[in-house]
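S.K.: Pasting data21.txt below, which is compact mmCIF, N, CA and C atoms.
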```txt
# COMPACT_ATOMS: atom_id res chain seq x y z
N MET U 164 -2.65 17.89 -4.79
CA MET U 164 -3.40 16.77 -4.27
C MET U 164 -2.72 16.23 -3.03
N PHE U 165 -3.50 15.94 -2.00
CA PHE U 165 -2.99 15.42 -0.75
C PHE U 165 -2.74 13.92 -0.86
N LYS U 166 -1.56 13.47 -0.47
CA LYS U 166 -1.21 12.06 -0.57
C LYS U 166 -1.00 11.50 0.84
N ILE U 167 -1.69 10.41 1.15
CA ILE U 167 -1.52 9.75 2.43
C ILE U 167 -0.47 8.66 2.28
N GLU U 168 0.50 8.67 3.16
CA GLU U 168 1.55 7.64 3.14
C GLU U 168 0.97 6.30 3.61
N PRO U 169 1.44 5.20 3.04
CA PRO U 169 0.97 3.88 3.47
C PRO U 169 1.33 3.63 4.93
N HIS U 170 0.35 3.21 5.72
CA HIS U 170 0.59 2.89 7.12
C HIS U 170 -0.61 2.15 7.69
N ILE U 171 -0.45 1.66 8.92
CA ILE U 171 -1.53 0.98 9.63
C ILE U 171 -1.79 1.75 10.93
N GLU U 172 -3.06 2.08 11.17
CA GLU U 172 -3.45 2.72 12.43
C GLU U 172 -4.18 1.70 13.28
N PHE U 173 -4.09 1.88 14.60
CA PHE U 173 -4.61 0.89 15.53
C PHE U 173 -5.37 1.56 16.67
N GLU U 174 -6.49 0.96 17.03
CA GLU U 174 -7.24 1.31 18.24
C GLU U 174 -7.75 0.00 18.83
N SER U 175 -8.01 0.00 20.14
CA SER U 175 -8.55 -1.21 20.75
C SER U 175 -9.58 -0.85 21.80
N ASP U 176 -10.43 -1.82 22.07
CA ASP U 176 -11.47 -1.70 23.08
C ASP U 176 -11.54 -3.05 23.78
N LYS U 177 -10.80 -3.19 24.85
CA LYS U 177 -10.68 -4.44 25.62
C LYS U 177 -10.19 -5.59 24.73
N ASN U 178 -11.10 -6.44 24.29
CA ASN U 178 -10.72 -7.64 23.52
C ASN U 178 -10.90 -7.49 22.02
N THR U 179 -11.12 -6.27 21.55
CA THR U 179 -11.35 -6.04 20.13
C THR U 179 -10.32 -5.05 19.58
N ALA U 180 -9.76 -5.39 18.43
CA ALA U 180 -8.80 -4.52 17.75
C ALA U 180 -9.45 -3.93 16.51
N TYR U 181 -9.20 -2.65 16.28
CA TYR U 181 -9.70 -1.95 15.10
C TYR U 181 -8.49 -1.38 14.35
N TYR U 182 -8.28 -1.87 13.14
CA TYR U 182 -7.16 -1.40 12.34
C TYR U 182 -7.68 -0.63 11.13
N SER U 183 -6.98 0.43 10.79
CA SER U 183 -7.21 1.15 9.55
C SER U 183 -5.98 0.95 8.70
N LEU U 184 -6.18 0.39 7.54
CA LEU U 184 -5.09 0.00 6.64
C LEU U 184 -5.05 0.96 5.46
N PHE U 185 -3.96 1.69 5.33
CA PHE U 185 -3.79 2.65 4.24
C PHE U 185 -2.76 2.08 3.26
N TRP U 186 -3.22 1.69 2.07
CA TRP U 186 -2.37 1.08 1.05
C TRP U 186 -1.63 2.13 0.23
N SER U 187 -0.52 1.71 -0.35
CA SER U 187 0.15 2.52 -1.38
C SER U 187 -0.68 2.41 -2.66
N GLN U 188 -0.30 3.20 -3.63
CA GLN U 188 -0.90 3.10 -4.97
C GLN U 188 -0.56 1.72 -5.55
N LEU U 189 -1.49 1.11 -6.25
CA LEU U 189 -1.22 -0.14 -6.96
C LEU U 189 -0.25 0.16 -8.10
N GLU U 190 0.83 -0.60 -8.19
CA GLU U 190 1.87 -0.36 -9.20
C GLU U 190 2.14 -1.64 -9.98
N LYS U 191 2.51 -1.48 -11.23
CA LYS U 191 2.93 -2.62 -12.04
C LYS U 191 4.26 -3.12 -11.48
N ALA U 192 4.36 -4.43 -11.31
CA ALA U 192 5.55 -5.02 -10.70
C ALA U 192 6.69 -5.11 -11.70
N ASP U 193 7.71 -4.36 -11.41
CA ASP U 193 8.92 -4.32 -12.21
C ASP U 193 10.08 -4.24 -11.22
N LYS U 194 11.08 -5.09 -11.37
CA LYS U 194 12.17 -5.13 -10.39
C LYS U 194 12.86 -3.78 -10.21
N TYR U 195 13.03 -3.02 -11.29
CA TYR U 195 13.67 -1.72 -11.19
C TYR U 195 12.78 -0.77 -10.39
N LYS U 196 11.49 -0.74 -10.69
CA LYS U 196 10.55 0.14 -9.99
C LYS U 196 10.51 -0.20 -8.50
N ILE U 197 10.48 -1.49 -8.19
CA ILE U 197 10.45 -1.92 -6.79
C ILE U 197 11.72 -1.47 -6.08
N THR U 198 12.86 -1.68 -6.73
CA THR U 198 14.15 -1.31 -6.13
C THR U 198 14.25 0.18 -5.85
N THR U 199 13.67 0.99 -6.72
CA THR U 199 13.82 2.44 -6.57
C THR U 199 12.69 3.11 -5.81
N SER U 200 11.58 2.42 -5.56
CA SER U 200 10.46 3.12 -4.92
C SER U 200 9.89 2.45 -3.67
N VAL U 201 10.13 1.17 -3.47
CA VAL U 201 9.59 0.49 -2.29
C VAL U 201 10.61 0.57 -1.15
N PRO U 202 10.18 1.00 0.02
CA PRO U 202 11.13 1.12 1.13
C PRO U 202 11.53 -0.25 1.69
N SER U 203 12.71 -0.30 2.29
CA SER U 203 13.20 -1.53 2.93
C SER U 203 12.85 -1.49 4.42
N VAL U 204 11.56 -1.51 4.70
CA VAL U 204 11.07 -1.48 6.07
C VAL U 204 10.02 -2.57 6.23
N SER U 205 9.60 -2.82 7.45
CA SER U 205 8.60 -3.85 7.70
C SER U 205 7.22 -3.39 7.26
N GLY U 206 6.40 -4.33 6.87
CA GLY U 206 5.05 -4.00 6.44
C GLY U 206 4.31 -5.21 5.90
N LEU U 207 3.31 -4.92 5.12
CA LEU U 207 2.43 -5.92 4.56
C LEU U 207 2.24 -5.59 3.09
N TYR U 208 2.11 -6.60 2.23
CA TYR U 208 1.95 -6.33 0.80
C TYR U 208 1.03 -7.35 0.16
N GLU U 209 0.51 -6.96 -1.01
CA GLU U 209 -0.30 -7.85 -1.83
C GLU U 209 0.28 -7.86 -3.23
N ILE U 210 0.20 -9.02 -3.87
CA ILE U 210 0.61 -9.16 -5.27
C ILE U 210 -0.58 -9.69 -6.06
N TYR U 211 -0.84 -9.06 -7.20
CA TYR U 211 -1.93 -9.41 -8.09
C TYR U 211 -1.40 -9.76 -9.47
N TYR U 212 -2.17 -10.55 -10.21
CA TYR U 212 -1.88 -10.71 -11.63
C TYR U 212 -3.14 -10.34 -12.41
N GLU U 213 -2.91 -9.80 -13.61
CA GLU U 213 -4.01 -9.38 -14.48
C GLU U 213 -4.26 -10.49 -15.50
N ASP U 214 -5.44 -11.09 -15.45
CA ASP U 214 -5.73 -12.20 -16.36
C ASP U 214 -6.08 -11.71 -17.76
N ALA U 215 -6.40 -12.63 -18.64
CA ALA U 215 -6.68 -12.31 -20.05
C ALA U 215 -7.89 -11.39 -20.20
N GLU U 216 -8.82 -11.42 -19.24
CA GLU U 216 -10.00 -10.56 -19.27
C GLU U 216 -9.75 -9.21 -18.59
N LYS U 217 -8.49 -8.93 -18.26
CA LYS U 217 -8.08 -7.67 -17.62
C LYS U 217 -8.61 -7.51 -16.19
N ARG U 218 -8.88 -8.65 -15.52
CA ARG U 218 -9.30 -8.62 -14.12
C ARG U 218 -8.09 -8.85 -13.23
N LEU U 219 -8.04 -8.14 -12.12
CA LEU U 219 -6.98 -8.37 -11.14
C LEU U 219 -7.35 -9.55 -10.26
N ASN U 220 -6.40 -10.45 -10.09
CA ASN U 220 -6.57 -11.63 -9.25
C ASN U 220 -5.51 -11.60 -8.17
N LEU U 221 -5.95 -11.74 -6.92
CA LEU U 221 -5.01 -11.73 -5.81
C LEU U 221 -4.17 -13.00 -5.83
N LEU U 222 -2.87 -12.83 -5.84
CA LEU U 222 -1.95 -13.96 -5.83
C LEU U 222 -1.40 -14.21 -4.44
N ASN U 223 -1.10 -13.14 -3.70
CA ASN U 223 -0.45 -13.30 -2.41
C ASN U 223 -0.70 -12.11 -1.50
N VAL U 224 -0.88 -12.40 -0.22
CA VAL U 224 -0.89 -11.39 0.84
C VAL U 224 0.16 -11.87 1.82
N ALA U 225 1.13 -11.03 2.13
CA ALA U 225 2.21 -11.50 3.00
C ALA U 225 2.80 -10.37 3.82
N ALA U 226 3.46 -10.77 4.89
CA ALA U 226 4.15 -9.82 5.77
C ALA U 226 5.63 -9.79 5.39
N ALA U 227 6.20 -8.63 5.56
CA ALA U 227 7.65 -8.46 5.37
C ALA U 227 8.18 -7.90 6.68
N TRP U 228 9.14 -8.59 7.25
CA TRP U 228 9.66 -8.13 8.53
C TRP U 228 11.16 -7.86 8.41
N LEU U 229 11.97 -8.85 8.64
CA LEU U 229 13.41 -8.65 8.69
C LEU U 229 14.01 -8.23 7.35
N GLY U 230 13.59 -8.83 6.25
CA GLY U 230 14.15 -8.49 4.95
C GLY U 230 13.58 -7.21 4.37
N GLY U 231 12.45 -6.76 4.89
CA GLY U 231 11.82 -5.55 4.41
C GLY U 231 10.96 -5.77 3.19
N LEU U 232 10.11 -4.79 2.92
CA LEU U 232 9.17 -4.88 1.80
C LEU U 232 9.87 -5.01 0.45
N ARG U 233 10.89 -4.19 0.23
CA ARG U 233 11.56 -4.19 -1.08
C ARG U 233 12.07 -5.58 -1.46
N SER U 234 12.83 -6.20 -0.59
CA SER U 234 13.42 -7.50 -0.94
C SER U 234 12.36 -8.60 -1.00
N GLN U 235 11.34 -8.52 -0.15
CA GLN U 235 10.32 -9.57 -0.15
C GLN U 235 9.44 -9.51 -1.40
N ILE U 236 9.05 -8.32 -1.81
CA ILE U 236 8.24 -8.19 -3.03
C ILE U 236 9.05 -8.63 -4.25
N ARG U 237 10.31 -8.20 -4.31
CA ARG U 237 11.16 -8.62 -5.44
C ARG U 237 11.29 -10.14 -5.49
N SER U 238 11.46 -10.76 -4.34
CA SER U 238 11.58 -12.22 -4.28
C SER U 238 10.28 -12.90 -4.73
N ASP U 239 9.15 -12.36 -4.32
CA ASP U 239 7.86 -12.99 -4.65
C ASP U 239 7.48 -12.87 -6.12
N ILE U 240 8.01 -11.89 -6.83
CA ILE U 240 7.68 -11.79 -8.26
C ILE U 240 8.69 -12.53 -9.13
N ASP U 241 9.73 -13.08 -8.52
CA ASP U 241 10.73 -13.87 -9.24
C ASP U 241 10.25 -15.31 -9.33
N SER U 242 10.23 -15.87 -10.50
CA SER U 242 9.68 -17.21 -10.70
C SER U 242 10.62 -18.34 -10.26
N ASP U 243 11.88 -18.04 -9.99
CA ASP U 243 12.82 -19.08 -9.55
C ASP U 243 12.36 -19.73 -8.25
N GLY U 244 12.34 -21.05 -8.26
CA GLY U 244 12.02 -21.81 -7.06
C GLY U 244 10.55 -21.88 -6.72
N LYS U 245 9.68 -21.41 -7.58
CA LYS U 245 8.24 -21.44 -7.33
C LYS U 245 7.64 -22.71 -7.92
N SER U 246 6.45 -23.08 -7.44
CA SER U 246 5.74 -24.23 -7.99
C SER U 246 5.43 -23.96 -9.46
N ASP U 247 5.17 -25.01 -10.22
CA ASP U 247 4.89 -24.85 -11.66
C ASP U 247 3.69 -23.94 -11.90
N GLU U 248 2.65 -24.07 -11.08
CA GLU U 248 1.44 -23.26 -11.24
C GLU U 248 1.75 -21.77 -11.02
N VAL U 249 2.46 -21.45 -9.94
CA VAL U 249 2.80 -20.06 -9.64
C VAL U 249 3.80 -19.54 -10.66
N LYS U 250 4.75 -20.37 -11.05
CA LYS U 250 5.75 -19.97 -12.05
C LYS U 250 5.08 -19.57 -13.36
N GLU U 251 4.07 -20.34 -13.78
CA GLU U 251 3.36 -20.03 -15.02
C GLU U 251 2.65 -18.68 -14.91
N ILE U 252 2.01 -18.41 -13.78
CA ILE U 252 1.34 -17.12 -13.58
C ILE U 252 2.35 -15.99 -13.63
N LEU U 253 3.46 -16.13 -12.91
CA LEU U 253 4.47 -15.08 -12.85
C LEU U 253 5.09 -14.79 -14.21
N GLU U 254 5.23 -15.81 -15.03
CA GLU U 254 5.86 -15.63 -16.34
C GLU U 254 4.88 -15.27 -17.45
N THR U 255 3.57 -15.44 -17.22
CA THR U 255 2.58 -15.24 -18.26
C THR U 255 1.85 -13.90 -18.14
N TYR U 256 1.52 -13.50 -16.94
CA TYR U 256 0.64 -12.34 -16.75
C TYR U 256 1.40 -11.12 -16.21
N SER U 257 0.79 -9.96 -16.41
CA SER U 257 1.30 -8.74 -15.80
C SER U 257 1.03 -8.80 -14.30
N LEU U 258 2.01 -8.40 -13.53
CA LEU U 258 1.90 -8.44 -12.07
C LEU U 258 1.81 -7.03 -11.51
N TYR U 259 1.10 -6.90 -10.39
CA TYR U 259 0.93 -5.62 -9.71
C TYR U 259 1.13 -5.84 -8.22
N TYR U 260 1.51 -4.79 -7.52
CA TYR U 260 1.71 -4.88 -6.07
C TYR U 260 1.26 -3.60 -5.39
N ARG U 261 1.01 -3.70 -4.11
CA ARG U 261 0.80 -2.55 -3.25
C ARG U 261 1.25 -2.96 -1.86
N TYR U 262 1.51 -1.97 -1.02
CA TYR U 262 2.05 -2.27 0.30
C TYR U 262 1.59 -1.24 1.32
N THR U 263 1.79 -1.59 2.57
CA THR U 263 1.61 -0.67 3.68
C THR U 263 2.75 -0.89 4.65
N ILE U 264 3.03 0.10 5.45
CA ILE U 264 4.18 0.07 6.35
C ILE U 264 3.72 0.05 7.80
N SER U 265 4.43 -0.72 8.63
CA SER U 265 4.19 -0.69 10.07
C SER U 265 5.44 -1.18 10.80
N PRO U 266 5.85 -0.47 11.84
CA PRO U 266 6.98 -0.95 12.64
C PRO U 266 6.57 -2.01 13.67
N SER U 267 5.27 -2.25 13.82
CA SER U 267 4.77 -3.21 14.81
C SER U 267 4.49 -4.56 14.16
N PHE U 268 5.21 -5.58 14.59
CA PHE U 268 4.98 -6.91 14.04
C PHE U 268 3.60 -7.42 14.45
N ASP U 269 3.12 -7.07 15.65
CA ASP U 269 1.78 -7.49 16.07
C ASP U 269 0.70 -6.90 15.16
N TYR U 270 0.83 -5.64 14.77
CA TYR U 270 -0.13 -5.04 13.84
C TYR U 270 -0.12 -5.78 12.51
N ILE U 271 1.09 -6.03 12.01
CA ILE U 271 1.23 -6.72 10.72
C ILE U 271 0.60 -8.11 10.79
N LYS U 272 0.88 -8.86 11.85
CA LYS U 272 0.32 -10.21 12.01
C LYS U 272 -1.20 -10.18 12.06
N ASP U 273 -1.77 -9.26 12.84
CA ASP U 273 -3.22 -9.20 12.97
C ASP U 273 -3.89 -8.84 11.64
N VAL U 274 -3.36 -7.85 10.95
CA VAL U 274 -3.96 -7.44 9.67
C VAL U 274 -3.76 -8.52 8.61
N ALA U 275 -2.58 -9.13 8.55
CA ALA U 275 -2.32 -10.21 7.59
C ALA U 275 -3.27 -11.38 7.85
N TRP U 276 -3.47 -11.72 9.10
CA TRP U 276 -4.40 -12.80 9.46
C TRP U 276 -5.81 -12.46 8.99
N PHE U 277 -6.28 -11.24 9.29
CA PHE U 277 -7.62 -10.82 8.88
C PHE U 277 -7.78 -10.90 7.37
N LEU U 278 -6.84 -10.35 6.62
CA LEU U 278 -6.94 -10.35 5.16
C LEU U 278 -6.89 -11.77 4.60
N ASN U 279 -5.99 -12.59 5.10
CA ASN U 279 -5.90 -13.97 4.62
C ASN U 279 -7.16 -14.76 4.93
N LYS U 280 -7.72 -14.59 6.11
CA LYS U 280 -8.98 -15.27 6.47
C LYS U 280 -10.13 -14.78 5.59
N THR U 281 -10.13 -13.49 5.28
CA THR U 281 -11.19 -12.93 4.45
C THR U 281 -11.08 -13.43 3.00
N TYR U 282 -9.87 -13.41 2.45
CA TYR U 282 -9.66 -13.79 1.05
C TYR U 282 -9.66 -15.29 0.83
N PHE U 283 -8.95 -16.02 1.70
CA PHE U 283 -8.69 -17.43 1.44
C PHE U 283 -9.43 -18.39 2.37
N LYS U 284 -10.23 -17.86 3.27
CA LYS U 284 -11.06 -18.64 4.20
C LYS U 284 -10.23 -19.69 4.94
N ASP U 285 -10.66 -20.95 4.87
CA ASP U 285 -10.00 -22.03 5.62
C ASP U 285 -8.65 -22.43 5.04
N ALA U 286 -8.33 -22.00 3.84
CA ALA U 286 -7.04 -22.32 3.23
C ALA U 286 -5.91 -21.49 3.85
N SER U 287 -6.27 -20.47 4.60
CA SER U 287 -5.27 -19.60 5.20
C SER U 287 -4.58 -20.28 6.38
N THR U 288 -3.28 -20.13 6.45
CA THR U 288 -2.51 -20.67 7.58
C THR U 288 -1.93 -19.55 8.44
N SER U 289 -2.32 -18.32 8.19
CA SER U 289 -1.84 -17.16 8.95
C SER U 289 -2.27 -17.25 10.41
N GLN U 290 -1.46 -16.69 11.28
CA GLN U 290 -1.77 -16.60 12.71
C GLN U 290 -1.78 -15.15 13.13
N HIS U 291 -2.74 -14.77 13.96
CA HIS U 291 -2.77 -13.40 14.49
C HIS U 291 -1.88 -13.32 15.73
N SER U 292 -1.78 -12.15 16.31
CA SER U 292 -0.88 -11.94 17.44
C SER U 292 -1.36 -12.61 18.73
N GLY U 293 -2.64 -12.95 18.81
CA GLY U 293 -3.17 -13.59 20.00
C GLY U 293 -3.57 -12.60 21.09
N ARG U 294 -3.49 -11.31 20.81
CA ARG U 294 -3.79 -10.30 21.82
C ARG U 294 -5.28 -9.98 21.92
N PHE U 295 -6.06 -10.29 20.88
CA PHE U 295 -7.46 -9.89 20.83
C PHE U 295 -8.36 -11.04 20.41
N GLU U 296 -9.60 -11.01 20.91
CA GLU U 296 -10.59 -12.02 20.52
C GLU U 296 -11.19 -11.71 19.15
N THR U 297 -11.33 -10.42 18.84
CA THR U 297 -11.95 -9.99 17.59
C THR U 297 -11.07 -8.94 16.94
N ILE U 298 -10.93 -9.05 15.62
CA ILE U 298 -10.13 -8.10 14.86
C ILE U 298 -10.95 -7.58 13.68
N TYR U 299 -10.96 -6.26 13.52
CA TYR U 299 -11.62 -5.61 12.39
C TYR U 299 -10.59 -4.79 11.62
N VAL U 300 -10.74 -4.77 10.31
CA VAL U 300 -9.85 -3.98 9.46
C VAL U 300 -10.69 -3.19 8.47
N LYS U 301 -10.35 -1.91 8.35
CA LYS U 301 -10.97 -1.04 7.35
C LYS U 301 -9.86 -0.62 6.40
N GLU U 302 -10.09 -0.77 5.09
CA GLU U 302 -9.07 -0.45 4.07
C GLU U 302 -9.31 0.91 3.43
N PHE U 303 -8.20 1.58 3.13
CA PHE U 303 -8.22 2.82 2.37
C PHE U 303 -7.16 2.69 1.28
N ALA U 304 -7.55 2.95 0.04
CA ALA U 304 -6.61 2.82 -1.07
C ALA U 304 -6.78 4.01 -2.01
N PRO U 305 -5.67 4.59 -2.46
CA PRO U 305 -5.76 5.77 -3.34
C PRO U 305 -6.38 5.46 -4.69
N ASP U 306 -6.33 4.21 -5.11
CA ASP U 306 -6.88 3.85 -6.41
C ASP U 306 -8.24 3.16 -6.30
N LYS U 307 -8.83 3.22 -5.14
CA LYS U 307 -10.18 2.70 -4.89
C LYS U 307 -10.28 1.18 -4.98
N ILE U 308 -9.16 0.47 -4.94
CA ILE U 308 -9.20 -0.99 -4.95
C ILE U 308 -9.22 -1.46 -3.51
N ARG U 309 -10.40 -1.94 -3.08
CA ARG U 309 -10.58 -2.44 -1.71
C ARG U 309 -11.33 -3.74 -1.78
N TRP U 310 -10.98 -4.66 -0.92
CA TRP U 310 -11.61 -5.98 -0.93
C TRP U 310 -12.46 -6.23 0.30
N VAL U 311 -12.19 -5.53 1.40
CA VAL U 311 -12.97 -5.77 2.62
C VAL U 311 -13.72 -4.52 3.01
```
Now that the file is in, can you turn its structure into C-alpha cells?
M.R.:
Amino acid sequence: MFKIEPHIEFESDKNTAYYSLFWSQLEKADKYKITTSVPSVSGLYEIYYEDAEKRLNLLNVAAAWLGGLRSQIRSDIDSDGKSDEVKEILETYSLYYRYTISPSFDYIKDVAWFLNKTYFKDASTSQHSGRFETIYVKEFAPDKIRWV
C-alpha cells in the first residue's frame, strides 16, 4: 500500500493561496506513542476527544514551530495547568491526534487560520500570514476524516 507522508503543498494565483493539506493517520493519544512516532519538526496538528456516543469532537487546532510537533502535542494532552473544563475532557475521554509537517511558518499560519475560521468561526483568534486576500485549503487524510 502506498503511504503519503504528512505535508502541506502550496500554489498561488496573485492574491489567492491554494493549499493541499495531507494529514497523518489519526492516532490514539498516548505519551509513549507520541514520543516514539511524532517528529520534532514544525507543523500543524489537531487533537480530538471521543465522547460517550463514540463521536470525535475537535478539541484543538494548533501550530507547532520552535518546540516541534512532538513536544507541543505531548504538552496539549497533559492536563496540568489547563482550565477545569479542558482538564475534565483530558482526564475523562480518549484523546486522538493527527498532524502535518511544513518547514514554512507562513504555510502553517495560513492553513491554521483557515481551519480555525472554518471550525470555530468568530471565536477564532488565529492570524494568517497576510500575504493573500483569499485562502483555500483542501484536506487529504488516510483515514477519510475530513472536515473541510
S.K.: Looking only at the backbone, which of the residues in chain U does DSSP tag as strand (DSSP E), as a ChimeraX atom specification?
M.R.: /U:170-176,179-185,190-191,206-213,219-227,257-264,297-303
S.K.: U:Leu207, U:Ser257, U:Gly231, U:Lys245: which is nearest Lys191 (chain U), counting all atoms listed in the file?
M.R.: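 Among the listed residues, the smallest separation from Lys191 (chain U) belongs to U:Ser257.
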S.K.: My list of candidates is U:Glu213, U:Asp273, U:Tyr282, U:Glu168. Which is closest to Tyr299 (chain U) when distances are computed with only N, CA and C atoms?
M.R.: U:Asp273
S.K.: Figure out the distance between atom C of Val224 (chain U) and CA of Tyr256 (chain U), please, to one decimal in Å.
M.R.: 18.6 Å
S.K.: May I ask for the distance between atom N of Ser289 (chain U) and atom C of Thr198 (chain U), given in Å to one decimal place?
M.R.: 28.5 Å
S.K.: How many Å separate CA of Ala215 (chain U) from CA of Gln188 (chain U)?
M.R.: 22.3 Å
S.K.: Would you return as a compact mmCIF listing (two decimals) with N, CA and C atoms, in the coordinates of the input the members of chain U that DSSP assigns to helix (DSSP H, G or I) on this structure's backbone?
M.R.:
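Printed below is states29.txt as written:
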```
# COMPACT_ATOMS: atom_id res chain seq x y z
N LYS U 194 11.08 -5.09 -11.37
CA LYS U 194 12.17 -5.13 -10.39
C LYS U 194 12.86 -3.78 -10.21
N TYR U 195 13.03 -3.02 -11.29
CA TYR U 195 13.67 -1.72 -11.19
C TYR U 195 12.78 -0.77 -10.39
N LYS U 196 11.49 -0.74 -10.69
CA LYS U 196 10.55 0.14 -9.99
C LYS U 196 10.51 -0.20 -8.50
N ILE U 197 10.48 -1.49 -8.19
CA ILE U 197 10.45 -1.92 -6.79
C ILE U 197 11.72 -1.47 -6.08
N THR U 198 12.86 -1.68 -6.73
CA THR U 198 14.15 -1.31 -6.13
C THR U 198 14.25 0.18 -5.85
N THR U 199 13.67 0.99 -6.72
CA THR U 199 13.82 2.44 -6.57
C THR U 199 12.69 3.11 -5.81
N SER U 200 11.58 2.42 -5.56
CA SER U 200 10.46 3.12 -4.92
C SER U 200 9.89 2.45 -3.67
N GLY U 231 12.45 -6.76 4.89
CA GLY U 231 11.82 -5.55 4.41
C GLY U 231 10.96 -5.77 3.19
N LEU U 232 10.11 -4.79 2.92
CA LEU U 232 9.17 -4.88 1.80
C LEU U 232 9.87 -5.01 0.45
N ARG U 233 10.89 -4.19 0.23
CA ARG U 233 11.56 -4.19 -1.08
C ARG U 233 12.07 -5.58 -1.46
N SER U 234 12.83 -6.20 -0.59
CA SER U 234 13.42 -7.50 -0.94
C SER U 234 12.36 -8.60 -1.00
N GLN U 235 11.34 -8.52 -0.15
CA GLN U 235 10.32 -9.57 -0.15
C GLN U 235 9.44 -9.51 -1.40
N ILE U 236 9.05 -8.32 -1.81
CA ILE U 236 8.24 -8.19 -3.03
C ILE U 236 9.05 -8.63 -4.25
N ARG U 237 10.31 -8.20 -4.31
CA ARG U 237 11.16 -8.62 -5.44
C ARG U 237 11.29 -10.14 -5.49
N SER U 238 11.46 -10.76 -4.34
CA SER U 238 11.58 -12.22 -4.28
C SER U 238 10.28 -12.90 -4.73
N ASP U 239 9.15 -12.36 -4.32
CA ASP U 239 7.86 -12.99 -4.65
C ASP U 239 7.48 -12.87 -6.12
N ASP U 247 5.17 -25.01 -10.22
CA ASP U 247 4.89 -24.85 -11.66
C ASP U 247 3.69 -23.94 -11.90
N GLU U 248 2.65 -24.07 -11.08
CA GLU U 248 1.44 -23.26 -11.24
C GLU U 248 1.75 -21.77 -11.02
N VAL U 249 2.46 -21.45 -9.94
CA VAL U 249 2.80 -20.06 -9.64
C VAL U 249 3.80 -19.54 -10.66
N LYS U 250 4.75 -20.37 -11.05
CA LYS U 250 5.75 -19.97 -12.05
C LYS U 250 5.08 -19.57 -13.36
N GLU U 251 4.07 -20.34 -13.78
CA GLU U 251 3.36 -20.03 -15.02
C GLU U 251 2.65 -18.68 -14.91
N ILE U 252 2.01 -18.41 -13.78
CA ILE U 252 1.34 -17.12 -13.58
C ILE U 252 2.35 -15.99 -13.63
N LEU U 253 3.46 -16.13 -12.91
CA LEU U 253 4.47 -15.08 -12.85
C LEU U 253 5.09 -14.79 -14.21
N GLU U 254 5.23 -15.81 -15.03
CA GLU U 254 5.86 -15.63 -16.34
C GLU U 254 4.88 -15.27 -17.45
N THR U 255 3.57 -15.44 -17.22
CA THR U 255 2.58 -15.24 -18.26
C THR U 255 1.85 -13.90 -18.14
N PHE U 268 5.21 -5.58 14.59
CA PHE U 268 4.98 -6.91 14.04
C PHE U 268 3.60 -7.42 14.45
N ASP U 269 3.12 -7.07 15.65
CA ASP U 269 1.78 -7.49 16.07
C ASP U 269 0.70 -6.90 15.16
N TYR U 270 0.83 -5.64 14.77
CA TYR U 270 -0.13 -5.04 13.84
C TYR U 270 -0.12 -5.78 12.51
N ILE U 271 1.09 -6.03 12.01
CA ILE U 271 1.23 -6.72 10.72
C ILE U 271 0.60 -8.11 10.79
N LYS U 272 0.88 -8.86 11.85
CA LYS U 272 0.32 -10.21 12.01
C LYS U 272 -1.20 -10.18 12.06
N ASP U 273 -1.77 -9.26 12.84
CA ASP U 273 -3.22 -9.20 12.97
C ASP U 273 -3.89 -8.84 11.64
N VAL U 274 -3.36 -7.85 10.95
CA VAL U 274 -3.96 -7.44 9.67
C VAL U 274 -3.76 -8.52 8.61
N ALA U 275 -2.58 -9.13 8.55
CA ALA U 275 -2.32 -10.21 7.59
C ALA U 275 -3.27 -11.38 7.85
N TRP U 276 -3.47 -11.72 9.10
CA TRP U 276 -4.40 -12.80 9.46
C TRP U 276 -5.81 -12.46 8.99
N PHE U 277 -6.28 -11.24 9.29
CA PHE U 277 -7.62 -10.82 8.88
C PHE U 277 -7.78 -10.90 7.37
N LEU U 278 -6.84 -10.35 6.62
CA LEU U 278 -6.94 -10.35 5.16
C LEU U 278 -6.89 -11.77 4.60
N ASN U 279 -5.99 -12.59 5.10
CA ASN U 279 -5.90 -13.97 4.62
C ASN U 279 -7.16 -14.76 4.93
N LYS U 280 -7.72 -14.59 6.11
CA LYS U 280 -8.98 -15.27 6.47
C LYS U 280 -10.13 -14.78 5.59
N THR U 281 -10.13 -13.49 5.28
CA THR U 281 -11.19 -12.93 4.45
C THR U 281 -11.08 -13.43 3.00
N TYR U 282 -9.87 -13.41 2.45
CA TYR U 282 -9.66 -13.79 1.05
C TYR U 282 -9.66 -15.29 0.83
N PHE U 283 -8.95 -16.02 1.70
CA PHE U 283 -8.69 -17.43 1.44
C PHE U 283 -9.43 -18.39 2.37
N LYS U 284 -10.23 -17.86 3.27
CA LYS U 284 -11.06 -18.64 4.20
C LYS U 284 -10.23 -19.69 4.94
N ASP U 285 -10.66 -20.95 4.87
CA ASP U 285 -10.00 -22.03 5.62
C ASP U 285 -8.65 -22.43 5.04
N ALA U 286 -8.33 -22.00 3.84
CA ALA U 286 -7.04 -22.32 3.23
C ALA U 286 -5.91 -21.49 3.85
```
S.K.: So, with only N, CA and C atoms as the atoms that count, which of U:Glu296, U:Glu209, U:Asp239, U:Glu174 lies closest to Tyr262 (chain U)?
M.R.: U:Glu209
S.K.: Name the closest residue to Lys301 (chain U) among the candidates U:Val249, U:Ile197, U:Leu278, U:Ala226; distances are taken between atoms, counting only C-alpha atoms.
M.R.: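 Distance minimum relative to Lys301 (chain U) lands on U:Leu278.
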S.K.: With distances taken over only C-alpha atoms, which residue among U:Tyr270, U:Tyr181, U:Tyr195, U:Phe283 lies nearest Ser234 (chain U)?
M.R.: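 Selected residue with least distance to Ser234 (chain U): U:Tyr195.
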S.K.: Using only C-alpha atoms, can you tell me which of U:Leu253, U:His170, U:Tyr182, U:Asp241 comes closest to Tyr211 (chain U)?
M.R.: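 Of U:Leu253, U:His170, U:Tyr182, U:Asp241, the one nearest Tyr211 (chain U), counting only C-alpha atoms, is U:Leu253.
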